[in-house]
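Taking it in order: structure first as structure tokens, then the write-up.
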Amino acid sequence: MVRSFLAIDLSHEVREVLASHLRREWRRLPCRIKWVAPENLHVTLKFLAEVPEHGINLIRQALSARLEAAPPMDLTLSGPGAFPVAAKARVLWVGLKESRELLDLHSAIDTALEPLGFERERKPFHPHITVGRVRERFSVYKKIHPFFETQIEPLSFHVPDVVLYRSDLTPDGPIYSPICRFALNGPHPGPGP
Ligand code: 3AM
């Protein structure tokens, strides 16, 4: 079985900027947080869980044609936030500005994978880059409120493809290895009517 997920890679610049916030500010917060290693930062599009080896090929086939027709896009960082809500933060993230292309890409993935038995996402898609996971049981809002005040530069990055990742969980943290990439080669949509 292969634990896997689909994701968007970040540019080197975005990774560096987030790593720098981590080094200079976030690591100093007085709270037990498992921070994501800079090389592991990404935008998850769909978590596929444990997939049998032969299922990987089916996923590849189901996605390649559909994503080939999807347009490449530019995404832009927005501000920090948390799941489920800041007051009860469990997952700390940096968000992305709303993008029609990204929502369409997410929906195209759900549509392509539904016939293989992967359930459509029921919750609305909230694109984000997870940067840390709170490891304390009670409300940590007071300890971490400076995280929510971080001024994130609205950097943009180009998204030429979607990556199918293998995730191996180890005591030192997950190891993500790309299995394959799906190029986004569709026409860039015009500005609309
Ligand atoms: O980028 P985020 O944090 O949203 O939380 C995991 C991460 O998403 C998520 O898959 C991404 C890559 O590891 N993930 C891990 N286990 C999960 C599960 N059981 C899960 N998402 C849903 N259900």
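Just remember, in the structure tokens the first chain shown is A, the second B, etc., residues are 1-based per chain, and ligands are 1-based in the order shown.
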Give the residue list for ligand 1 at 9 Å, counting only C-alpha atoms and all ligand atoms, as a PDB file with C-alpha atoms, in the first residue's frame, sorted by chain and then by residue number.
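Written out: result_36.pdb:
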ATOM      1  CA  ARG A   3       0.036   6.410   1.445  1.00  0.00           C
ATOM      2  CA  SER A   4      -0.400   9.193  -1.045  1.00  0.00           C
ATOM      3  CA  PHE A   5      -1.812  12.622  -1.755  1.00  0.00           C
ATOM      4  CA  LEU A   6      -2.011  15.162  -4.565  1.00  0.00           C
ATOM      5  CA  ALA A   7      -0.410  18.526  -4.046  1.00  0.00           C
ATOM      6  CA  LEU A  41       5.616  22.630   2.602  1.00  0.00           C
ATOM      7  CA  HIS A  42       2.937  22.248  -0.096  1.00  0.00           C
ATOM      8  CA  VAL A  43      -0.710  22.884  -0.944  1.00  0.00           C
ATOM      9  CA  THR A  44      -2.681  19.660  -0.527  1.00  0.00           C
ATOM     10  CA  LEU A  45      -5.299  19.136  -3.217  1.00  0.00           C
ATOM     11  CA  LYS A  46      -6.530  15.709  -2.119  1.00  0.00           C
ATOM     12  CA  PHE A  47      -5.445  13.178   0.474  1.00  0.00           C
ATOM     13  CA  LEU A  48      -5.782   9.709  -1.035  1.00  0.00           C
ATOM     14  CA  ALA A  49      -4.804   7.659   2.063  1.00  0.00           C
ATOM     15  CA  VAL A  91      -3.483  23.259  12.333  1.00  0.00           C
ATOM     16  CA  LEU A  92      -1.659  26.501  11.553  1.00  0.00           C
ATOM     17  CA  TRP A  93      -1.503  27.572   7.943  1.00  0.00           C
ATOM     18  CA  HIS A 126      -9.938  25.938   1.633  1.00  0.00           C
ATOM     19  CA  PRO A 127      -6.539  26.152  -0.096  1.00  0.00           C
ATOM     20  CA  HIS A 128      -3.718  26.514   2.418  1.00  0.00           C
ATOM     21  CA  ILE A 129      -0.137  25.643   3.231  1.00  0.00           C
ATOM     22  CA  THR A 130       0.038  23.863   6.575  1.00  0.00           C
ATOM     23  CA  VAL A 131       3.020  25.225   8.505  1.00  0.00           C
ATOM     24  CA  GLY A 132       2.498  23.699  11.949  1.00  0.00           C
ATOM     25  CA  ARG A 133       0.420  21.354  14.065  1.00  0.00           C
ATOM     26  CA  TYR A 165       3.231  12.299  -3.581  1.00  0.00           C
ATOM     27  CA  SER A 167       4.057   9.885   2.137  1.00  0.00           C
ATOM     28  CA  PRO A 174       6.845  12.281   7.157  1.00  0.00           C
ATOM     29  CA  TYR A 176       7.290  12.974   0.903  1.00  0.00           C
TER      30      TYR A 176
END
Could you list, with a cut-off of 12 Å and counting only C-alpha atoms, the residues of region 93-115 of chain A near region 135-156 of chain A, each shown with its nearest atom pair and the distance in Å rounded to one decimal, rows sorted by chain and ascending number, as a Markdown table?
| residue | atom | partner | partner_atom | distance |
| --- | --- | --- | --- | --- |
| A:Trp93 | CA | A:Phe148 | CA | 9.5 |
| A:Val94 | CA | A:Ile152 | CA | 8.3 |
| A:Gly95 | CA | A:Ile152 | CA | 9.8 |
| A:Leu96 | CA | A:Pro154 | CA | 9.0 |
| A:Lys97 | CA | A:Pro154 | CA | 8.8 |
| A:Ser99 | CA | A:Ser156 | CA | 11.9 |
| message | Can you pull out the residues contacting region 53-61 of chain A? Cut-off 8 Å, using only C-alpha atoms, and skip same-chain residues under 2 positions away; I want them as number ranges by chain. | response | A: 1-2, 51, 63-65, 113, 116
Next, dump the selected residues to file, keeping only C-alpha atoms, as an mmCIF file, in the first residue's frame.
data_model
loop_
_atom_site.group_PDB
_atom_site.id
_atom_site.type_symbol
_atom_site.label_atom_id
_atom_site.label_comp_id
_atom_site.auth_asym_id
_atom_site.auth_seq_id
_atom_site.Cartn_x
_atom_site.Cartn_y
_atom_site.Cartn_z
ATOM 1 C CA MET A 1 0.000 0.000 0.000
ATOM 2 C CA VAL A 2 1.143 3.525 -0.747
ATOM 3 C CA VAL A 51 -3.704 3.123 -2.134
ATOM 4 C CA LEU A 63 -5.776 12.192 -13.940
ATOM 5 C CA SER A 64 -3.388 12.596 -16.848
ATOM 6 C CA ALA A 65 -5.886 13.427 -19.595
ATOM 7 C CA LEU A 113 -11.114 10.185 -9.098
ATOM 8 C CA LEU A 116 -12.163 4.987 -8.733
#
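Running DSSP on the backbone and keeping only alpha helix (DSSP H), the residues of region 80-157 of chain A that qualify are A:Arg100, A:Glu101, A:Leu102, A:Leu103, A:Asp104, A:Leu105, A:His106, A:Ser107, A:Ala108, A:Ile109, A:Asp110, A:Thr111, A:Ala112, A:Leu113, A:Tyr141, A:Lys142, A:Lys143, A:Ile144, A:His145, A:Pro146, A:Phe147, A:Phe148.
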What does the file look like for those residues with N, CA and C atoms, as an mmCIF file, in the first residue's frame?
data_model
loop_
_atom_site.group_PDB
_atom_site.id
_atom_site.type_symbol
_atom_site.label_atom_id
_atom_site.label_comp_id
_atom_site.auth_asym_id
_atom_site.auth_seq_id
_atom_site.Cartn_x
_atom_site.Cartn_y
_atom_site.Cartn_z
ATOM 1 N N ARG A 100 -10.190 31.119 -9.067
ATOM 2 C CA ARG A 100 -11.183 30.291 -9.762
ATOM 3 C C ARG A 100 -10.516 29.051 -10.362
ATOM 4 N N GLU A 101 -9.324 29.264 -10.938
ATOM 5 C CA GLU A 101 -8.613 28.148 -11.577
ATOM 6 C C GLU A 101 -8.279 27.053 -10.570
ATOM 7 N N LEU A 102 -7.911 27.472 -9.364
ATOM 8 C CA LEU A 102 -7.555 26.483 -8.348
ATOM 9 C C LEU A 102 -8.791 25.697 -7.901
ATOM 10 N N LEU A 103 -9.924 26.402 -7.729
ATOM 11 C CA LEU A 103 -11.154 25.705 -7.344
ATOM 12 C C LEU A 103 -11.568 24.726 -8.447
ATOM 13 N N ASP A 104 -11.415 25.157 -9.697
ATOM 14 C CA ASP A 104 -11.769 24.277 -10.823
ATOM 15 C C ASP A 104 -10.843 23.060 -10.869
ATOM 16 N N LEU A 105 -9.558 23.293 -10.574
ATOM 17 C CA LEU A 105 -8.595 22.185 -10.582
ATOM 18 C C LEU A 105 -8.965 21.162 -9.506
ATOM 19 N N HIS A 106 -9.315 21.662 -8.335
ATOM 20 C CA HIS A 106 -9.693 20.784 -7.227
ATOM 21 C C HIS A 106 -10.923 19.960 -7.600
ATOM 22 N N SER A 107 -11.866 20.633 -8.219
ATOM 23 C CA SER A 107 -13.092 19.951 -8.592
ATOM 24 C C SER A 107 -12.834 18.929 -9.724
ATOM 25 N N ALA A 108 -11.928 19.280 -10.651
ATOM 26 C CA ALA A 108 -11.596 18.353 -11.756
ATOM 27 C C ALA A 108 -10.951 17.084 -11.192
ATOM 28 N N ILE A 109 -10.152 17.231 -10.148
ATOM 29 C CA ILE A 109 -9.505 16.062 -9.523
ATOM 30 C C ILE A 109 -10.564 15.181 -8.871
ATOM 31 N N ASP A 110 -11.480 15.803 -8.145
ATOM 32 C CA ASP A 110 -12.562 15.039 -7.512
ATOM 33 C C ASP A 110 -13.364 14.281 -8.567
ATOM 34 N N THR A 111 -13.673 14.956 -9.663
ATOM 35 C CA THR A 111 -14.484 14.334 -10.719
ATOM 36 C C THR A 111 -13.729 13.167 -11.352
ATOM 37 N N ALA A 112 -12.423 13.336 -11.564
ATOM 38 C CA ALA A 112 -11.636 12.283 -12.215
ATOM 39 C C ALA A 112 -11.480 11.061 -11.311
ATOM 40 N N LEU A 113 -11.422 11.303 -10.004
ATOM 41 C CA LEU A 113 -11.114 10.185 -9.098
ATOM 42 C C LEU A 113 -12.358 9.513 -8.507
ATOM 43 N N TYR A 141 -4.554 29.768 22.086
ATOM 44 C CA TYR A 141 -4.667 31.028 21.350
ATOM 45 C C TYR A 141 -3.785 32.128 21.944
ATOM 46 N N LYS A 142 -3.836 32.234 23.295
ATOM 47 C CA LYS A 142 -3.070 33.332 23.935
ATOM 48 C C LYS A 142 -1.585 33.170 23.662
ATOM 49 N N LYS A 143 -1.109 31.919 23.672
ATOM 50 C CA LYS A 143 0.328 31.681 23.473
ATOM 51 C C LYS A 143 0.752 31.960 22.038
ATOM 52 N N ILE A 144 -0.158 31.748 21.115
ATOM 53 C CA ILE A 144 0.282 31.816 19.708
ATOM 54 C C ILE A 144 -0.290 32.997 18.932
ATOM 55 N N HIS A 145 -0.998 33.910 19.622
ATOM 56 C CA HIS A 145 -1.653 34.964 18.838
ATOM 57 C C HIS A 145 -0.697 35.736 17.921
ATOM 58 N N PRO A 146 0.621 35.878 18.264
ATOM 59 C CA PRO A 146 1.491 36.592 17.307
ATOM 60 C C PRO A 146 1.556 35.891 15.941
ATOM 61 N N PHE A 147 1.322 34.574 15.937
ATOM 62 C CA PHE A 147 1.333 33.868 14.640
ATOM 63 C C PHE A 147 0.313 34.502 13.705
ATOM 64 N N PHE A 148 -0.869 34.823 14.266
ATOM 65 C CA PHE A 148 -1.953 35.345 13.424
ATOM 66 C C PHE A 148 -1.707 36.785 12.981
#
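The coordinates place CA of Asp9 (chain A) at 15.5 Å from CA of Leu67 (chain A).
One finds CA of Arg28 (chain A) at 13.8 Å from CA of Val134 (chain A).
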| query | Could you pull out all residues of region 57-141 of chain A with a DSSP call of strand (DSSP E or B) and give them as a list in words? | reply | Met73, Asp74, Leu75, Thr76, Leu77, Ser78, Gly79, Pro80, Gly81, Ala82, Phe83, Val91, Leu92, Trp93, Val94, Gly95, Leu96, His128, Ile129, Thr130, Val131, Gly132, Arg133 and Val134 of chain A
| Shortest interatomic distance to Leu164 (chain A) - which of A:Ile8, A:Arg66, A:Lys123, A:Pro115, counting only C-alpha atoms | A:Ile8
